[in-house]
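data-v8.pdb follows; it contains PDB, C-alpha atoms.
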ATOM      1  CA  MET A   1      41.524  99.916  64.231
ATOM      2  CA  VAL A   2      42.296  97.343  66.880
ATOM      3  CA  GLU A   3      45.931  97.062  65.743
ATOM      4  CA  SER A   4      46.355 100.843  65.694
ATOM      5  CA  SER A   5      44.940 101.151  69.223
ATOM      6  CA  LEU A   6      47.277  98.406  70.435
ATOM      7  CA  THR A   7      50.211 100.162  68.790
ATOM      8  CA  ALA A   8      49.251 103.463  70.398
ATOM      9  CA  SER A   9      48.928 101.839  73.834
ATOM     10  CA  ARG A  10      52.303 100.138  73.451
ATOM     11  CA  ARG A  11      53.831 103.438  72.405
ATOM     12  CA  ARG A  12      52.381 105.149  75.474
ATOM     13  CA  ALA A  13      53.659 102.330  77.653
ATOM     14  CA  VAL A  14      57.176 102.661  76.192
ATOM     15  CA  VAL A  15      57.086 106.447  76.677
ATOM     16  CA  GLY A  16      55.947 105.986  80.275
ATOM     17  CA  GLU A  17      58.688 103.480  81.010
ATOM     18  CA  THR A  18      61.272 105.778  79.417
ATOM     19  CA  ARG A  19      60.144 108.725  81.544
ATOM     20  CA  HIS A  20      60.176 106.578  84.674
ATOM     21  CA  LEU A  21      63.692 105.386  83.841
ATOM     22  CA  LEU A  22      64.898 108.947  83.234
ATOM     23  CA  PHE A  23      63.412 110.169  86.512
ATOM     24  CA  SER A  24      65.075 107.259  88.314
ATOM     25  CA  VAL A  25      68.513 107.609  86.710
ATOM     26  CA  THR A  26      68.825 111.398  86.434
ATOM     27  CA  PRO A  27      69.521 112.189  90.146
ATOM     28  CA  GLY A  28      72.293 109.585  90.389
ATOM     29  CA  ALA A  29      73.768 110.538  87.011
ATOM     30  CA  ALA A  30      73.718 114.227  87.969
ATOM     31  CA  TRP A  31      75.438 113.455  91.295
ATOM     32  CA  ILE A  32      78.170 111.423  89.578
ATOM     33  CA  THR A  33      78.654 114.093  86.904
ATOM     34  CA  VAL A  34      78.891 117.028  89.316
ATOM     35  CA  PHE A  35      80.958 115.428  92.069
ATOM     36  CA  LEU A  36      83.043 112.861  90.151
ATOM     37  CA  VAL A  37      83.276 113.479  86.410
ATOM     38  CA  LEU A  38      83.682 117.280  86.443
ATOM     39  CA  PRO A  39      86.292 117.327  89.265
ATOM     40  CA  SER A  40      88.229 114.573  87.471
ATOM     41  CA  LEU A  41      88.182 116.532  84.211
ATOM     42  CA  TYR A  42      89.319 119.656  86.053
ATOM     43  CA  LEU A  43      92.108 117.674  87.710
ATOM     44  CA  MET A  44      93.255 116.355  84.338
ATOM     45  CA  ALA A  45      93.281 119.885  82.933
ATOM     46  CA  VAL A  46      95.303 121.195  85.900
ATOM     47  CA  ALA A  47      97.931 118.481  85.397
ATOM     48  CA  PHE A  48      98.751 119.840  81.939
ATOM     49  CA  MET A  49      99.023 123.486  83.050
ATOM     50  CA  THR A  50     102.049 125.471  84.189
ATOM     51  CA  ASN A  51     102.783 126.051  87.849
ATOM     52  CA  GLY A  52     102.308 129.729  88.661
ATOM     53  CA  PRO A  53     104.421 131.825  91.045
ATOM     54  CA  TYR A  54     102.096 131.030  93.976
ATOM     55  CA  GLY A  55     101.578 127.365  93.138
ATOM     56  CA  LEU A  56      98.310 127.852  91.269
ATOM     57  CA  PRO A  57      97.895 126.486  87.734
ATOM     58  CA  GLU A  58      98.054 128.887  84.819
ATOM     59  CA  MET A  59      98.539 128.858  81.081
ATOM     60  CA  PRO A  60     100.316 127.839  78.874
ATOM     61  CA  LEU A  61      99.861 124.085  78.738
ATOM     62  CA  SER A  62     102.960 121.999  79.402
ATOM     63  CA  LEU A  63     104.205 118.590  80.531
ATOM     64  CA  ASP A  64     106.395 120.002  83.313
ATOM     65  CA  ALA A  65     104.267 118.410  86.046
ATOM     66  CA  PHE A  66     104.776 114.925  84.613
ATOM     67  CA  ARG A  67     108.517 115.571  84.211
ATOM     68  CA  GLN A  68     108.709 116.629  87.855
ATOM     69  CA  LEU A  69     106.699 113.573  88.858
ATOM     70  CA  ALA A  70     109.260 111.431  87.028
ATOM     71  CA  GLY A  71     112.002 113.187  89.038
ATOM     72  CA  PHE A  72     113.320 115.725  86.519
ATOM     73  CA  GLY A  73     113.873 119.223  87.939
ATOM     74  CA  PHE A  74     116.023 122.250  87.267
ATOM     75  CA  LEU A  75     118.935 120.498  89.034
ATOM     76  CA  GLY A  76     118.594 117.325  86.954
ATOM     77  CA  TRP A  77     117.090 113.984  87.877
ATOM     78  CA  SER A  78     116.310 113.008  91.469
ATOM     79  CA  PRO A  79     115.105 109.532  92.549
ATOM     80  CA  GLY A  80     112.899 110.891  95.360
ATOM     81  CA  ASN A  81     109.574 110.559  93.555
ATOM     82  CA  ALA A  82     110.559 107.157  92.162
ATOM     83  CA  TYR A  83     111.311 105.972  95.696
ATOM     84  CA  THR A  84     107.920 107.265  96.835
ATOM     85  CA  LEU A  85     106.163 105.362  94.037
ATOM     86  CA  LEU A  86     108.106 102.148  94.748
ATOM     87  CA  ARG A  87     107.433 102.504  98.469
ATOM     88  CA  SER A  88     103.726 102.912  97.752
ATOM     89  CA  LEU A  89     103.681  99.790  95.579
ATOM     90  CA  TRP A  90     105.671  97.784  98.125
ATOM     91  CA  GLN A  91     103.559  98.878 101.093
ATOM     92  CA  THR A  92     100.392  98.099  99.138
ATOM     93  CA  PHE A  93     101.655  94.630  98.188
ATOM     94  CA  VAL A  94     102.869  93.718 101.678
ATOM     95  CA  SER A  95      99.787  95.076 103.423
ATOM     96  CA  THR A  96      97.391  93.319 101.043
ATOM     97  CA  ALA A  97      99.263  90.022 101.397
ATOM     98  CA  LEU A  98      99.186  90.253 105.203
ATOM     99  CA  VAL A  99      95.494  91.140 105.162
ATOM    100  CA  VAL A 100      94.795  88.034 103.055
ATOM    101  CA  ILE A 101      96.854  85.830 105.405
ATOM    102  CA  VAL A 102      94.931  87.097 108.444
ATOM    103  CA  ALA A 103      91.482  87.315 106.826
ATOM    104  CA  TYR A 104      91.350  83.817 105.291
ATOM    105  CA  PRO A 105      91.443  81.800 108.535
ATOM    106  CA  LEU A 106      89.386  84.431 110.347
ATOM    107  CA  ALA A 107      86.582  84.357 107.764
ATOM    108  CA  TYR A 108      86.644  80.555 107.716
ATOM    109  CA  TYR A 109      86.501  80.374 111.514
ATOM    110  CA  ILE A 110      83.470  82.683 111.603
ATOM    111  CA  THR A 111      81.603  80.485 109.117
ATOM    112  CA  THR A 112      82.298  77.399 111.261
ATOM    113  CA  CYS A 113      80.903  78.971 114.426
ATOM    114  CA  ARG A 114      77.339  78.530 115.571
ATOM    115  CA  GLU A 115      74.919  80.548 113.507
ATOM    116  CA  LYS A 116      73.811  82.698 116.457
ATOM    117  CA  TRP A 117      77.410  83.825 117.090
ATOM    118  CA  ARG A 118      78.279  84.766 113.508
ATOM    119  CA  PRO A 119      76.619  88.223 113.470
ATOM    120  CA  LEU A 120      78.363  89.133 116.731
ATOM    121  CA  MET A 121      81.760  88.050 115.402
ATOM    122  CA  LEU A 122      81.241  89.954 112.158
ATOM    123  CA  LEU A 123      80.183  92.961 114.207
ATOM    124  CA  ALA A 124      83.385  92.670 116.243
ATOM    125  CA  VAL A 125      85.367  92.789 112.994
ATOM    126  CA  VAL A 126      83.469  95.755 111.569
ATOM    127  CA  VAL A 127      82.878  97.912 114.675
ATOM    128  CA  PRO A 128      86.442  99.355 114.853
ATOM    129  CA  SER A 129      86.022 100.795 111.353
ATOM    130  CA  TRP A 130      83.068 102.847 112.605
ATOM    131  CA  THR A 131      85.533 105.004 114.544
ATOM    132  CA  ASN A 132      87.231 107.874 112.746
ATOM    133  CA  GLN A 133      90.397 106.736 110.977
ATOM    134  CA  VAL A 134      92.471 109.547 112.485
ATOM    135  CA  ILE A 135      91.440 108.558 116.019
ATOM    136  CA  ARG A 136      92.304 104.907 115.382
ATOM    137  CA  THR A 137      95.675 105.911 113.950
ATOM    138  CA  PHE A 138      96.415 108.055 117.019
ATOM    139  CA  GLY A 139      95.581 104.990 119.104
ATOM    140  CA  TRP A 140      98.275 102.988 117.288
ATOM    141  CA  MET A 141     100.701 105.868 117.782
ATOM    142  CA  ASN A 142     100.183 105.550 121.538
ATOM    143  CA  LEU A 143     100.516 101.743 121.429
ATOM    144  CA  LEU A 144     103.752 101.805 119.400
ATOM    145  CA  ALA A 145     105.424 104.806 121.031
ATOM    146  CA  PRO A 146     108.665 104.404 123.045
ATOM    147  CA  GLY A 147     108.130 102.980 126.519
ATOM    148  CA  THR A 148     105.014 100.988 125.661
ATOM    149  CA  PRO A 149     104.843  97.198 126.203
ATOM    150  CA  LEU A 150     105.075  96.458 122.471
ATOM    151  CA  SER A 151     108.117  98.693 122.047
ATOM    152  CA  ASP A 152     109.759  97.251 125.164
ATOM    153  CA  LEU A 153     109.194  93.724 123.832
ATOM    154  CA  ALA A 154     110.715  94.610 120.469
ATOM    155  CA  GLU A 155     113.646  96.259 122.249
ATOM    156  CA  SER A 156     114.248  93.178 124.433
ATOM    157  CA  LEU A 157     114.276  90.997 121.291
ATOM    158  CA  GLY A 158     116.852  93.291 119.689
ATOM    159  CA  LEU A 159     114.526  94.408 116.893
ATOM    160  CA  ILE A 160     114.885  98.122 117.691
ATOM    161  CA  GLY A 161     117.396 100.262 119.505
ATOM    162  CA  PRO A 162     117.041 101.526 123.075
ATOM    163  CA  HIS A 163     114.226 104.051 123.560
ATOM    164  CA  MET A 164     113.455 104.025 119.851
ATOM    165  CA  GLY A 165     109.897 102.709 119.806
ATOM    166  CA  LEU A 166     108.077 101.015 116.941
ATOM    167  CA  TYR A 167     106.700 104.357 115.795
ATOM    168  CA  PRO A 168     107.475 106.080 113.453
ATOM    169  CA  SER A 169     108.554 103.340 111.047
ATOM    170  CA  ASP A 170     107.573 101.375 107.952
ATOM    171  CA  PHE A 171     106.456  98.597 110.293
ATOM    172  CA  ALA A 172     103.982 100.945 111.971
ATOM    173  CA  VAL A 173     102.601 102.018 108.583
ATOM    174  CA  THR A 174     102.176  98.396 107.491
ATOM    175  CA  LEU A 175     100.499  97.465 110.773
ATOM    176  CA  GLY A 176      98.155 100.443 110.472
ATOM    177  CA  LEU A 177      97.198  99.532 106.906
ATOM    178  CA  VAL A 178      96.531  95.885 107.828
ATOM    179  CA  TYR A 179      94.415  96.897 110.808
ATOM    180  CA  ASN A 180      92.482  99.512 108.824
ATOM    181  CA  PHE A 181      91.635  97.337 105.788
ATOM    182  CA  LEU A 182      91.128  93.941 107.447
ATOM    183  CA  PRO A 183      87.287  94.219 107.525
ATOM    184  CA  PHE A 184      87.228  94.912 103.777
ATOM    185  CA  MET A 185      88.802  91.503 103.180
ATOM    186  CA  VAL A 186      87.002  89.512 105.858
ATOM    187  CA  LEU A 187      83.482  90.371 104.688
ATOM    188  CA  PRO A 188      83.882  89.291 101.016
ATOM    189  CA  LEU A 189      85.692  86.113 102.089
ATOM    190  CA  TYR A 190      83.003  85.358 104.652
ATOM    191  CA  ALA A 191      80.340  85.693 101.950
ATOM    192  CA  ALA A 192      82.357  83.322  99.736
ATOM    193  CA  PHE A 193      82.856  80.783 102.543
ATOM    194  CA  GLU A 194      79.130  80.758 103.275
ATOM    195  CA  LYS A 195      78.524  79.522  99.708
ATOM    196  CA  LEU A 196      81.290  76.919  99.931
ATOM    197  CA  ASP A 197      80.394  73.492  98.558
ATOM    198  CA  VAL A 198      81.685  71.222 101.314
ATOM    199  CA  ALA A 199      81.163  68.149  99.124
ATOM    200  CA  GLN A 200      84.103  69.189  96.934
ATOM    201  CA  VAL A 201      86.366  69.459  99.976
ATOM    202  CA  GLN A 202      85.232  66.058 101.233
ATOM    203  CA  ALA A 203      85.826  64.564  97.786
ATOM    204  CA  ALA A 204      89.378  65.903  97.781
ATOM    205  CA  GLN A 205      89.973  64.419 101.221
ATOM    206  CA  ASP A 206      88.530  61.078 100.119
ATOM    207  CA  LEU A 207      91.060  61.079  97.267
ATOM    208  CA  TYR A 208      93.854  61.432  99.869
ATOM    209  CA  ALA A 209      94.679  65.017  98.948
ATOM    210  CA  SER A 210      96.917  66.808 101.420
ATOM    211  CA  PRO A 211      95.435  69.831 103.261
ATOM    212  CA  VAL A 212      97.353  72.173 100.973
ATOM    213  CA  ARG A 213      96.155  70.467  97.788
ATOM    214  CA  ALA A 214      92.593  70.228  99.126
ATOM    215  CA  PHE A 215      92.622  73.952  99.838
ATOM    216  CA  TRP A 216      94.126  74.844  96.466
ATOM    217  CA  HIS A 217      91.841  72.637  94.342
ATOM    218  CA  ALA A 218      88.597  72.656  96.354
ATOM    219  CA  VAL A 219      88.484  75.753  98.560
ATOM    220  CA  PHE A 220      90.493  78.396  96.719
ATOM    221  CA  PRO A 221      88.548  78.311  93.412
ATOM    222  CA  GLN A 222      85.255  78.695  95.281
ATOM    223  CA  THR A 223      86.503  81.616  97.378
ATOM    224  CA  LEU A 224      88.288  83.335  94.477
ATOM    225  CA  PRO A 225      85.497  85.890  93.831
ATOM    226  CA  GLY A 226      85.598  87.005  97.468
ATOM    227  CA  LEU A 227      89.386  87.137  97.431
ATOM    228  CA  LEU A 228      89.498  89.298  94.305
ATOM    229  CA  ALA A 229      86.763  91.612  95.576
ATOM    230  CA  GLY A 230      88.606  92.009  98.877
ATOM    231  CA  THR A 231      91.904  92.617  97.100
ATOM    232  CA  VAL A 232      90.355  95.439  95.096
ATOM    233  CA  LEU A 233      88.795  96.952  98.230
ATOM    234  CA  VAL A 234      92.133  96.792 100.065
ATOM    235  CA  ALA A 235      94.863  97.435  97.487
ATOM    236  CA  ILE A 236      93.347 100.419  95.658
ATOM    237  CA  PRO A 237      92.683 102.643  98.711
ATOM    238  CA  ALA A 238      95.919 101.476 100.375
ATOM    239  CA  PHE A 239      97.926 102.655  97.363
ATOM    240  CA  GLY A 240      96.619 106.211  97.763
ATOM    241  CA  MET A 241      96.458 106.242 101.571
ATOM    242  CA  TYR A 242      97.351 109.540 103.242
ATOM    243  CA  VAL A 243      96.453 109.523 106.950
ATOM    244  CA  ILE A 244      98.245 106.355 108.079
ATOM    245  CA  PRO A 245     101.632 107.030 106.391
ATOM    246  CA  GLU A 246     101.488 110.653 107.500
ATOM    247  CA  LEU A 247     100.910 109.863 111.173
ATOM    248  CA  LEU A 248     102.492 106.435 111.723
ATOM    249  CA  GLY A 249     105.326 107.093 109.288
ATOM    250  CA  GLY A 250     106.247 110.407 110.859
ATOM    251  CA  GLY A 251     107.276 111.836 107.485
ATOM    252  CA  LYS A 252     109.770 108.991 106.940
ATOM    253  CA  SER A 253     107.466 106.658 104.997
ATOM    254  CA  MET A 254     105.815 109.010 102.528
ATOM    255  CA  MET A 255     103.551 107.345  99.986
ATOM    256  CA  LEU A 256     102.024 108.664  96.783
ATOM    257  CA  GLY A 257      98.950 110.015  98.578
ATOM    258  CA  ASN A 258     101.179 112.108 100.856
ATOM    259  CA  LEU A 259     103.123 113.419  97.858
ATOM    260  CA  VAL A 260      99.906 114.520  96.155
ATOM    261  CA  ALA A 261      98.465 116.120  99.300
ATOM    262  CA  ARG A 262     101.624 118.119  99.984
ATOM    263  CA  GLN A 263     101.599 119.627  96.509
ATOM    264  CA  PHE A 264      98.160 121.125  97.195
ATOM    265  CA  SER A 265      99.218 122.470 100.596
ATOM    266  CA  GLY A 266     102.797 123.177 101.646
ATOM    267  CA  GLY A 267     104.401 122.306  98.320
ATOM    268  CA  SER A 268     102.240 124.795  96.405
ATOM    269  CA  ASN A 269     102.426 122.939  93.107
ATOM    270  CA  TRP A 270      98.923 122.082  91.970
ATOM    271  CA  PRO A 271      99.914 120.711  88.539
ATOM    272  CA  LEU A 272     102.329 118.249  90.144
ATOM    273  CA  GLY A 273      99.679 117.168  92.634
ATOM    274  CA  ALA A 274      97.165 116.705  89.817
ATOM    275  CA  ALA A 275      99.696 114.644  87.845
ATOM    276  CA  GLY A 276     100.183 112.409  90.889
ATOM    277  CA  ALA A 277      96.418 112.016  91.244
ATOM    278  CA  ILE A 278      96.184 110.984  87.573
ATOM    279  CA  LEU A 279      98.913 108.416  88.226
ATOM    280  CA  MET A 280      96.814 106.968  91.056
ATOM    281  CA  LEU A 281      93.773 106.795  88.754
ATOM    282  CA  LEU A 282      95.813 104.987  86.110
ATOM    283  CA  ALA A 283      97.142 102.588  88.729
ATOM    284  CA  THR A 284      93.555 101.898  89.803
ATOM    285  CA  PHE A 285      92.463 101.076  86.252
ATOM    286  CA  VAL A 286      95.528  98.891  85.684
ATOM    287  CA  GLY A 287      94.907  97.069  88.961
ATOM    288  CA  LEU A 288      91.259  96.417  88.112
ATOM    289  CA  TYR A 289      92.204  95.140  84.667
ATOM    290  CA  ALA A 290      94.892  92.883  86.155
ATOM    291  CA  MET A 291      92.437  91.500  88.726
ATOM    292  CA  ARG A 292      89.934  90.659  85.986
ATOM    293  CA  ARG A 293      92.613  88.881  83.949
ATOM    294  CA  ILE A 294      93.860  86.969  86.992
ATOM    295  CA  GLY A 295      90.313  86.026  87.936
ATOM    296  CA  ARG A 296      89.603  84.777  84.416
ATOM    297  CA  ARG A 297      92.808  82.725  84.350
ATOM    298  CA  LEU A 298      92.430  81.200  87.809
ATOM    299  CA  GLY A 299      88.728  80.714  87.286
ATOM    300  CA  GLY A 300      89.320  78.266  84.483
ATOM    301  CA  GLY A 301      88.359  80.647  81.699
ATOM    302  CA  GLU A 302      85.208  81.883  83.420
ATOM    303  CA  GLU A 303      85.169  85.579  84.130
ATOM    304  CA  VAL A 304      85.072  86.426  87.828
ATOM    305  CA  VAL A 305      83.000  89.548  88.426
ATOM    306  CA  ILE A 306      84.725  92.113  90.609
TER     307      ILE A 306
END

Let me see the file written as structure tokens.
Amino acid sequence: MVESSLTASRRRAVVGETRHLLFSVTPGAAWITVFLVLPSLYLMAVAFMTNGPYGLPEMPLSLDAFRQLAGFGFLGWSPGNAYTLLRSLWQTFVSTALVVIVAYPLAYYITTCREKWRPLMLLAVVVPSWTNQVIRTFGWMNLLAPGTPLSDLAESLGLIGPHMGLYPSDFAVTLGLVYNFLPFMVLPLYAAFEKLDVAQVQAAQDLYASPVRAFWHAVFPQTLPGLLAGTVLVAIPAFGMYVIPELLGGGKSMMLGNLVARQFSGGSNWPLGAAGAILMLLATFVGLYAMRRIGRRLGGGEEVVI
């Protein structure tokens, strides 16, 4: 009797915990299903449909959108889309590398400041991102336009022609990407630097390691999780960025995000736009997988959680 009552009470406890878990998980799962899973499935279905006379998808199913994305049209092959993809990859790589170069010393400097000043310095890094991205991009357009001090300086150094301005250009797009995503790299690196074991750095210095070797063997492995997390937060959205290339590039530095957006608006080719969106999703998964492999290799066999 006692054992049966204990079993019944345990069963009721398990049922109660299960109901509590379902009530806790169901709202979030429903939100993800309705606003993420179902739109993604619809997008994948659109990519395999035929482009109708008004740009809307229709039956039958075909692979024409992926052929057009690869550059094959009714006039043969064109390298335009391939150039857009390569430009997106190159801009993402350059922007992420520059963000890392700027964020590493900045995050380290913040951690070395007095504790009362650290929140203010972090706030100074984050506050610009509270402003709408379009407004910030228009601000850079005004700063890089012809006749501004930056453009006049570049003109005096012979970097640009007379009355050309630094905008629109690939340089303006890169500068806008670095400025926009810098906080997403500084914060993870700052969190990693706060946990830094200074004893390892001092041990490397006591063994007469050069500053470069001390950084590589004592500092870099400890800050690797923050670096990888920041790289994911910067590279993935930069690859599909739309606003900055559209405004600062002036239509001359189109990236994959611009190509996708134009197919749903002026281009009137929804299947092609959906195929480009699927390509961005695949690039995201490949990038995450590559970051995990790199983290495991550089982490000495230990998996670095991203």

Practice item. Please write as a PyMOL selection string the list of polymer residues whose atoms come within 9 Å of (91.4, 97.2, 100.5), counting only C-alpha atoms and keeping to the coordinates of the file. Key: chain A and resi 96+99+177+180-185+229-238

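A straight line drawn from atom CA of A:Val134 to atom CA of A:Tyr190 is 27.1 Å long.
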
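Using all atoms listed in the file, the shortest contact distance between A:Leu189 and any of A:Ala103, A:Met280, A:Val37, A:Met141 is found at A:Ala103.
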
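The coordinates place atom CA of A:Gly273 at 20.2 Å from atom CA of A:Thr92.
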
Write out as a Markdown table the residues of stretch 21-110 of chain A that have any atom within 12 Å of an atom of stretch 124-130 of chain A, one row each with the nearest atom pair and its distance in Å to one decimal, counting all atoms listed in the file, sorted by chain and then rising number.
| residue | atom | partner | partner_atom | distance |
| --- | --- | --- | --- | --- |
| A:Ala103 | CA | A:Val125 | CA | 10.3 |
| A:Leu106 | CA | A:Val125 | CA | 9.6 |
| A:Ala107 | CA | A:Val125 | CA | 10.0 |
| A:Ile110 | CA | A:Val125 | CA | 10.4 |

Point to revise | Long-range neighbours of stretch 159-163 of chain A as an NGL selection string, 7 Å cut-off, only C-alpha atoms, 4 positions minimum in chain | key: :A and (146-147 or 154-155)

**Study point:** Who sits within 10 Å of A:Leu56, all atoms listed in the file, same chain under 6 positions skipped, as a list in words
**Key:** Val46, Met49, Thr50, Phe264, Ser268, Asn269, Trp270 and Pro271 of chain A

Could you please take those selected residues and save C-alpha atoms as an mmCIF file, keeping the file's coordinate frame?
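Generated file (again38.cif):
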data_model
loop_
_atom_site.group_PDB
_atom_site.id
_atom_site.type_symbol
_atom_site.label_atom_id
_atom_site.label_comp_id
_atom_site.auth_asym_id
_atom_site.auth_seq_id
_atom_site.Cartn_x
_atom_site.Cartn_y
_atom_site.Cartn_z
ATOM 1 C CA VAL A 46 95.303 121.195 85.900
ATOM 2 C CA MET A 49 99.023 123.486 83.050
ATOM 3 C CA THR A 50 102.049 125.471 84.189
ATOM 4 C CA PHE A 264 98.160 121.125 97.195
ATOM 5 C CA SER A 268 102.240 124.795 96.405
ATOM 6 C CA ASN A 269 102.426 122.939 93.107
ATOM 7 C CA TRP A 270 98.923 122.082 91.970
ATOM 8 C CA PRO A 271 99.914 120.711 88.539
#

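Nearest to A:Leu247 of all the residues A:Ala214, A:Val173, A:Leu282, A:Ala290 is A:Val173, counting all atoms listed in the file.
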
Study note, to complete from the structure: As a check of understanding: the span from atom CA of A:Ala204 to atom CA of A:Ala218 is 6.9 Å

**Study point:** Which residue of A:Leu224, A:Tyr167, A:Ala277, A:Thr284 approaches A:Arg296 most closely, using only C-alpha atoms
**Key:** A:Leu224

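Within 12 Å of A:Leu41, once all atoms listed in the file are used and residues closer than 6 positions along the same chain are dropped, the contacting residues are Thr33, Val34, Phe35, Ala47, Phe48, Ala274, Ala277 and Ile278 of chain A.
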
Written selection (C-alpha atoms) as a PDB file, keeping the file's coordinate frame:
ATOM      1  CA  THR A  33      78.654 114.093  86.904  1.00  0.00           C
ATOM      2  CA  VAL A  34      78.891 117.028  89.316  1.00  0.00           C
ATOM      3  CA  PHE A  35      80.958 115.428  92.069  1.00  0.00           C
ATOM      4  CA  ALA A  47      97.931 118.481  85.397  1.00  0.00           C
ATOM      5  CA  PHE A  48      98.751 119.840  81.939  1.00  0.00           C
ATOM      6  CA  ALA A 274      97.165 116.705  89.817  1.00  0.00           C
ATOM      7  CA  ALA A 277      96.418 112.016  91.244  1.00  0.00           C
ATOM      8  CA  ILE A 278      96.184 110.984  87.573  1.00  0.00           C
TER       9      ILE A 278
END

Point to revise | Residue members of the PyMOL selection byres ((chain A and resi 109) around 12) in the file shown, as a PyMOL selection string | key: chain A and resi 102-108+110-115+117-118+121-122+186+189-190+193-194

Point to revise | Proximity to A:Pro225 - best of A:Leu279, A:Val198, A:Ile294, A:Glu246, all atoms listed in the file | key: A:Ile294

Edge lengths and centre in Å, axis-aligned, stretch 98-107 of chain A plus 8 Å each side, as lines of an AutoDock Vina configuration file:
center_x = 92.9
center_y = 86.5
center_z = 106.7
size_x = 28.6
size_y = 25.3
size_z = 23.3

Check your understanding: From the list A:Gly165, A:Pro188, A:Gly55, A:Gly176, which residue is nearest A:Arg262 when using all atoms listed in the file?
Key -> A:Gly55

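Minimum atom-to-atom distances from A:Tyr54, A:Trp140, A:Phe23, A:Phe239 to A:Thr84 were compared using only C-alpha atoms, and the lowest value belongs to A:Phe239.
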